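Novice: For reference, the structure I am asking about is given below.
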Amino acid sequence: MTKQYKALKLANSELEAIEISNKFCDALITLQGGQILKFFSKKQNKDLLWLSDLAEYETGKAIRGGIPLCFPWFGGHPTNTNLPAHGFARNSLWQLTSINEDATGHHILLELNDSETTRLYWNYAFKLEMLIHCGEDLKLEFKLQNLDPQTFEFGFAWHSYFPTKTQNSQVLGLQNSSYIDQLDGNQIKTQTGEVIIFTAELDRIYPKTSGQFSIQQNEQDHIYIKSTAKSAVVWNPWIEKTKRLTDVRDDAWQDFICVEMGQVATEQVHLAAGQHVCYAVQISAVP
Ligand code: BG6
């Protein structure tokens, strides 16, 4: 089958992106960060990801929206606050390894390897691949190989931004899970209610979950997430924090929530020399 994609520069910037269009979806992926910025489901006539209309497209700067990848750590670096928040993968230039199209859609393989720059932040040899399947659903696979002589420890998260009316939204699937409340001195709490609703800034890390969640805006409007990675992070910056984000409109907190999937906090992974590990996530508008 012929490859149908377009390489382009993003919004008058130097950043390169790939535009995908097939019978199932339209998608946009940027090589910086290996980041999917847009996924529009044609069947559901719906965007499954949110992208800030003030997003800044600059070399070395994370783009606000879509699914930036936090790796090899989530949040601030545990010992050195000068290192970039959420690691370096979202600010690094990935290589496009292949694009194939079959009856199920496009398969895009991206790769990030250690380099002199990554070693300044994290002194290990590795190969990280991200396989993005743009079909009826959006599927992402994260495959990490340890090419170093030593074991290393890493955390990661698909920092997904979902388009939803925050104040009408509920997140399901986290009942009875323990979470770290990042807005209350990192206290460990347990979620008792069946759903999370948004009435103020919210920033919670759920280290261990079932990996299955949904976001419901109303009876018809759902997004389903199935992940083999077991941690989740739920975030909305609300009013005051949004004002401090230069790449988000002041009122945009009403239009998105982040439900992030990965392995973080107590669920960070030790990977021995020569070993590899894989995680996958599926995001869809139907169960
Ligand atoms: C979330 C964190 O994952 O990302 C929040 O839990 C953080 O604490 C948010 O504010 C956004 O981070 P950044 O670095 O993209 O502005």
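Chain identifiers are assigned as A, B, and so on, following the order in which chains appear in the structure tokens; residues are numbered from 1 within each chain, and ligands are numbered from 1 in order of appearance.
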What residues of the protein or nucleic acid chains come within 6 Å of ligand 1 when you use only C-alpha atoms and all ligand atoms? Reply as a list in words.
Specialist: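 Within the 6 Å cut-off, the matching residues are Ala85, Asp203 and Trp235 of chain A.
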Novice: Can you write out as JSON lines which residues of region 174-239 of chain A fall within 10 Å of region 147-168 of chain A, alongside each residue's closest atom pair and its distance in Å to one decimal, counting only C-alpha atoms and ordering rows by chain and ascending residue number?
Specialist:
```
{"residue": "A:Ile197", "atom": "CA", "partner": "A:Gln167", "partner_atom": "CA", "distance": 7.3}
{"residue": "A:Phe198", "atom": "CA", "partner": "A:Gln167", "partner_atom": "CA", "distance": 5.6}
{"residue": "A:Thr199", "atom": "CA", "partner": "A:Gln167", "partner_atom": "CA", "distance": 6.7}
{"residue": "A:Ala200", "atom": "CA", "partner": "A:Gln167", "partner_atom": "CA", "distance": 9.3}
{"residue": "A:Ile215", "atom": "CA", "partner": "A:Thr164", "partner_atom": "CA", "distance": 8.4}
{"residue": "A:Gln216", "atom": "CA", "partner": "A:Asn168", "partner_atom": "CA", "distance": 8.3}
{"residue": "A:Gln217", "atom": "CA", "partner": "A:Asn168", "partner_atom": "CA", "distance": 5.6}
{"residue": "A:Asn218", "atom": "CA", "partner": "A:Asn168", "partner_atom": "CA", "distance": 7.4}
{"residue": "A:Asp221", "atom": "CA", "partner": "A:Thr164", "partner_atom": "CA", "distance": 9.0}
{"residue": "A:His222", "atom": "CA", "partner": "A:Thr164", "partner_atom": "CA", "distance": 9.4}
{"residue": "A:Ile223", "atom": "CA", "partner": "A:Phe162", "partner_atom": "CA", "distance": 8.5}
{"residue": "A:Ala229", "atom": "CA", "partner": "A:Ala157", "partner_atom": "CA", "distance": 8.8}
{"residue": "A:Ser231", "atom": "CA", "partner": "A:Ala157", "partner_atom": "CA", "distance": 8.2}
{"residue": "A:Ala232", "atom": "CA", "partner": "A:Ala157", "partner_atom": "CA", "distance": 8.1}
{"residue": "A:Val233", "atom": "CA", "partner": "A:His159", "partner_atom": "CA", "distance": 8.2}
{"residue": "A:Val234", "atom": "CA", "partner": "A:His159", "partner_atom": "CA", "distance": 9.4}
{"residue": "A:Trp235", "atom": "CA", "partner": "A:Tyr161", "partner_atom": "CA", "distance": 9.2}
{"residue": "A:Asn236", "atom": "CA", "partner": "A:Thr166", "partner_atom": "CA", "distance": 8.1}
{"residue": "A:Trp238", "atom": "CA", "partner": "A:Thr166", "partner_atom": "CA", "distance": 9.0}
```
Novice: Give the strand (DSSP E or B) residues of region 132-258 of chain A, as assigned by DSSP on the backbone, as a VMD selection string.
Specialist: chain A and resid 132 to 134 138 to 146 152 to 154 156 to 158 161 to 163 170 to 172 178 to 181 187 to 190 195 to 197 202 to 206 212 to 216 222 to 227 231 to 236 256 to 258
Novice: Please return as an mmCIF file with C-alpha atoms, in the first residue's frame: the residues of region 171-252 of chain A that backbone DSSP assigns to helix (DSSP H, G or I).
Specialist:
```
data_model
loop_
_atom_site.group_PDB
_atom_site.id
_atom_site.type_symbol
_atom_site.label_atom_id
_atom_site.label_comp_id
_atom_site.auth_asym_id
_atom_site.auth_seq_id
_atom_site.Cartn_x
_atom_site.Cartn_y
_atom_site.Cartn_z
ATOM 1 C CA TRP A 238 -7.406 25.211 37.570
ATOM 2 C CA ILE A 239 -7.455 29.036 37.566
ATOM 3 C CA GLU A 240 -4.351 30.391 39.345
ATOM 4 C CA LYS A 241 -1.809 27.868 38.089
ATOM 5 C CA THR A 242 -3.058 28.278 34.525
ATOM 6 C CA LYS A 243 -2.271 31.994 34.742
ATOM 7 C CA ARG A 244 1.360 31.057 35.396
ATOM 8 C CA ALA A 252 -8.182 26.971 29.075
#
```
Novice: Which residues of region 83-196 of chain A come within 12 Å of region 57-75 of chain A, and what is each one's closest atom pair and distance in Å (one decimal), counting only C-alpha atoms, sorted by chain and residue number, as a tab-separated table?
Specialist:
```
residue	atom	partner	partner_atom	distance
A:Leu83	CA	A:Trp73	CA	10.3
A:Pro84	CA	A:Gly75	CA	8.7
A:Ala85	CA	A:Gly75	CA	5.2
A:His86	CA	A:Phe74	CA	4.4
A:Gly87	CA	A:Phe71	CA	4.9
A:Phe88	CA	A:Phe71	CA	6.4
A:Ala89	CA	A:Phe71	CA	5.5
A:Arg90	CA	A:Leu69	CA	5.3
A:Asn91	CA	A:Gly60	CA	4.6
A:Ser92	CA	A:Gly60	CA	6.3
A:Leu93	CA	A:Gly60	CA	8.1
A:Trp94	CA	A:Leu69	CA	11.5
A:Leu112	CA	A:Phe71	CA	10.9
A:Asp114	CA	A:Pro72	CA	11.4
A:Thr117	CA	A:Gly60	CA	11.6
A:Thr118	CA	A:Pro72	CA	10.1
A:Arg119	CA	A:Pro72	CA	11.6
A:Tyr121	CA	A:Pro72	CA	9.5
A:Trp122	CA	A:Pro72	CA	8.0
A:Asn123	CA	A:Pro72	CA	11.1
A:Tyr124	CA	A:Pro72	CA	10.6
A:Phe126	CA	A:Pro72	CA	10.7
A:Lys127	CA	A:Pro72	CA	11.9
A:Leu128	CA	A:Phe71	CA	9.8
A:Glu129	CA	A:Leu69	CA	11.6
A:Met130	CA	A:Leu69	CA	9.8
A:Ile132	CA	A:Ile67	CA	11.3
A:Leu138	CA	A:Ile67	CA	11.2
A:Lys139	CA	A:Ile67	CA	11.7
A:Leu140	CA	A:Ile67	CA	10.1
A:Glu141	CA	A:Leu69	CA	11.5
A:Phe142	CA	A:Leu69	CA	9.7
A:Leu144	CA	A:Pro72	CA	10.4
A:Phe152	CA	A:Pro72	CA	10.0
A:Glu153	CA	A:Pro72	CA	8.2
A:Phe154	CA	A:Pro72	CA	5.0
A:Gly155	CA	A:Trp73	CA	4.6
A:Phe156	CA	A:Phe71	CA	4.6
A:Ala157	CA	A:Cys70	CA	5.0
A:Trp158	CA	A:Leu69	CA	4.9
A:His159	CA	A:Ile67	CA	5.3
A:Ser160	CA	A:Ile67	CA	4.4
A:Tyr161	CA	A:Gly66	CA	5.5
A:Phe162	CA	A:Gly66	CA	7.7
A:Pro163	CA	A:Gly66	CA	9.6
A:Gln182	CA	A:Gly75	CA	10.4
```
Novice: Let me see the file: selected residues, N, CA and C atoms, as a compact mmCIF listing (two decimals), in the first residue's frame.
Specialist:
```
# COMPACT_ATOMS: atom_id res chain seq x y z
N LEU A 83 17.86 19.75 36.80
CA LEU A 83 17.57 18.91 35.63
C LEU A 83 16.10 19.13 35.21
N PRO A 84 15.82 18.91 33.91
CA PRO A 84 14.48 19.27 33.42
C PRO A 84 13.36 18.46 34.07
N ALA A 85 12.26 19.15 34.37
CA ALA A 85 11.09 18.45 34.93
C ALA A 85 10.60 17.44 33.90
N HIS A 86 10.16 16.29 34.38
CA HIS A 86 9.62 15.22 33.53
C HIS A 86 10.67 14.62 32.58
N GLY A 87 11.96 14.79 32.89
CA GLY A 87 13.00 14.15 32.08
C GLY A 87 13.32 14.90 30.80
N PHE A 88 14.05 14.24 29.91
CA PHE A 88 14.51 14.91 28.69
C PHE A 88 13.83 14.41 27.41
N ALA A 89 13.08 13.30 27.48
CA ALA A 89 12.55 12.71 26.23
C ALA A 89 11.62 13.68 25.51
N ARG A 90 10.84 14.45 26.26
CA ARG A 90 9.85 15.32 25.60
C ARG A 90 10.50 16.53 24.94
N ASN A 91 11.77 16.81 25.30
CA ASN A 91 12.48 17.96 24.70
C ASN A 91 13.49 17.52 23.65
N SER A 92 13.64 16.21 23.47
CA SER A 92 14.69 15.70 22.58
C SER A 92 14.15 15.42 21.19
N LEU A 93 15.06 15.44 20.24
CA LEU A 93 14.68 15.12 18.87
C LEU A 93 14.75 13.61 18.67
N TRP A 94 13.62 13.02 18.28
CA TRP A 94 13.55 11.59 18.01
C TRP A 94 13.80 11.35 16.51
N LEU A 112 14.56 6.97 20.15
CA LEU A 112 15.45 7.91 20.85
C LEU A 112 16.58 7.09 21.46
N ASP A 114 20.58 7.10 23.45
CA ASP A 114 21.43 7.96 24.28
C ASP A 114 22.42 8.70 23.37
N THR A 117 24.27 14.47 24.82
CA THR A 117 23.34 15.33 25.56
C THR A 117 22.55 14.55 26.60
N THR A 118 22.00 13.39 26.19
CA THR A 118 21.18 12.65 27.17
C THR A 118 22.05 12.18 28.34
N ARG A 119 23.33 11.89 28.04
CA ARG A 119 24.23 11.40 29.09
C ARG A 119 24.56 12.48 30.12
N TYR A 121 22.32 14.26 31.38
CA TYR A 121 21.19 14.18 32.31
C TYR A 121 21.07 12.82 33.00
N TRP A 122 21.48 11.80 32.24
CA TRP A 122 21.23 10.42 32.69
C TRP A 122 22.28 9.57 32.03
N ASN A 123 23.28 9.14 32.77
CA ASN A 123 24.49 8.61 32.17
C ASN A 123 24.39 7.10 31.87
N TYR A 124 23.46 6.75 30.98
CA TYR A 124 23.28 5.35 30.61
C TYR A 124 23.10 5.23 29.10
N PHE A 126 21.02 3.53 26.15
CA PHE A 126 19.67 2.95 26.02
C PHE A 126 19.16 3.14 24.60
N LYS A 127 18.14 2.37 24.29
CA LYS A 127 17.38 2.59 23.05
C LYS A 127 15.91 2.60 23.44
N LEU A 128 15.23 3.69 23.11
CA LEU A 128 13.81 3.81 23.43
C LEU A 128 13.04 3.90 22.12
N GLU A 129 12.07 3.02 21.94
CA GLU A 129 11.25 3.06 20.73
C GLU A 129 9.81 3.35 21.12
N MET A 130 9.17 4.12 20.27
CA MET A 130 7.74 4.37 20.47
C MET A 130 7.04 4.02 19.17
N ILE A 132 3.58 4.10 17.27
CA ILE A 132 2.29 4.81 17.33
C ILE A 132 1.39 4.20 16.25
N LEU A 138 -6.24 5.03 19.00
CA LEU A 138 -4.83 5.43 19.07
C LEU A 138 -4.13 4.46 20.01
N LYS A 139 -3.08 3.82 19.50
CA LYS A 139 -2.34 2.87 20.36
C LYS A 139 -0.88 3.30 20.38
N LEU A 140 -0.29 3.26 21.56
CA LEU A 140 1.12 3.62 21.71
C LEU A 140 1.84 2.48 22.41
N GLU A 141 3.01 2.18 21.92
CA GLU A 141 3.85 1.19 22.61
C GLU A 141 5.18 1.84 22.96
N PHE A 142 5.63 1.55 24.16
CA PHE A 142 6.89 2.09 24.67
C PHE A 142 7.80 0.88 24.86
N LEU A 144 11.75 -0.11 25.82
CA LEU A 144 13.03 0.42 26.28
C LEU A 144 14.03 -0.72 26.43
N PHE A 152 19.74 0.05 35.32
CA PHE A 152 19.28 1.41 35.62
C PHE A 152 17.84 1.41 36.10
N GLU A 153 17.45 2.52 36.72
CA GLU A 153 16.08 2.68 37.20
C GLU A 153 15.46 3.83 36.42
N PHE A 154 14.22 3.66 36.01
CA PHE A 154 13.56 4.77 35.29
C PHE A 154 12.09 4.83 35.65
N GLY A 155 11.51 6.00 35.41
CA GLY A 155 10.07 6.16 35.48
C GLY A 155 9.63 6.76 34.15
N PHE A 156 8.37 6.60 33.81
CA PHE A 156 7.88 7.27 32.59
C PHE A 156 6.39 7.51 32.72
N ALA A 157 5.90 8.44 31.89
CA ALA A 157 4.45 8.65 31.81
C ALA A 157 4.09 9.23 30.46
N TRP A 158 3.01 8.70 29.89
CA TRP A 158 2.39 9.35 28.72
C TRP A 158 1.51 10.45 29.30
N HIS A 159 1.97 11.67 29.16
CA HIS A 159 1.33 12.82 29.82
C HIS A 159 0.17 13.32 28.95
N SER A 160 -0.90 12.53 28.90
CA SER A 160 -1.97 12.78 27.92
C SER A 160 -2.90 13.92 28.34
N TYR A 161 -3.12 14.82 27.40
CA TYR A 161 -4.07 15.93 27.59
C TYR A 161 -5.36 15.56 26.85
N PHE A 162 -6.47 15.50 27.58
CA PHE A 162 -7.74 15.13 26.94
C PHE A 162 -8.68 16.33 26.89
N PRO A 163 -9.35 16.49 25.74
CA PRO A 163 -10.26 17.63 25.59
C PRO A 163 -11.59 17.31 26.26
N GLN A 182 -0.12 15.70 45.50
CA GLN A 182 1.00 16.62 45.26
C GLN A 182 0.67 18.04 45.72
```
Novice: Using only C-alpha atoms, pick whichever of A:Val259, A:Leu54, A:Ile20, A:Ala125 has the shortest atom-to-atom distance to Leu271 (chain A).
Specialist: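 Smallest separation from Leu271 (chain A) among the options: A:Ala125.
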Novice: Quick one: everything within 12 Å of Gln187 (chain A), counting only C-alpha atoms, minus sequence neighbours fewer than 5 positions away in the same chain. Send it as a list in words.
Specialist: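 What passes the distance filter is Ser178, Tyr179, Ile180, Asp181, Gln182, Asp203, Arg204, Ile205 and Tyr206 of chain A.
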Novice: Kindly give the distance, in Å, that separates CA of Thr104 (chain A) and CA of Ala17 (chain A), rounded to a single decimal.
Specialist: 21.7 Å
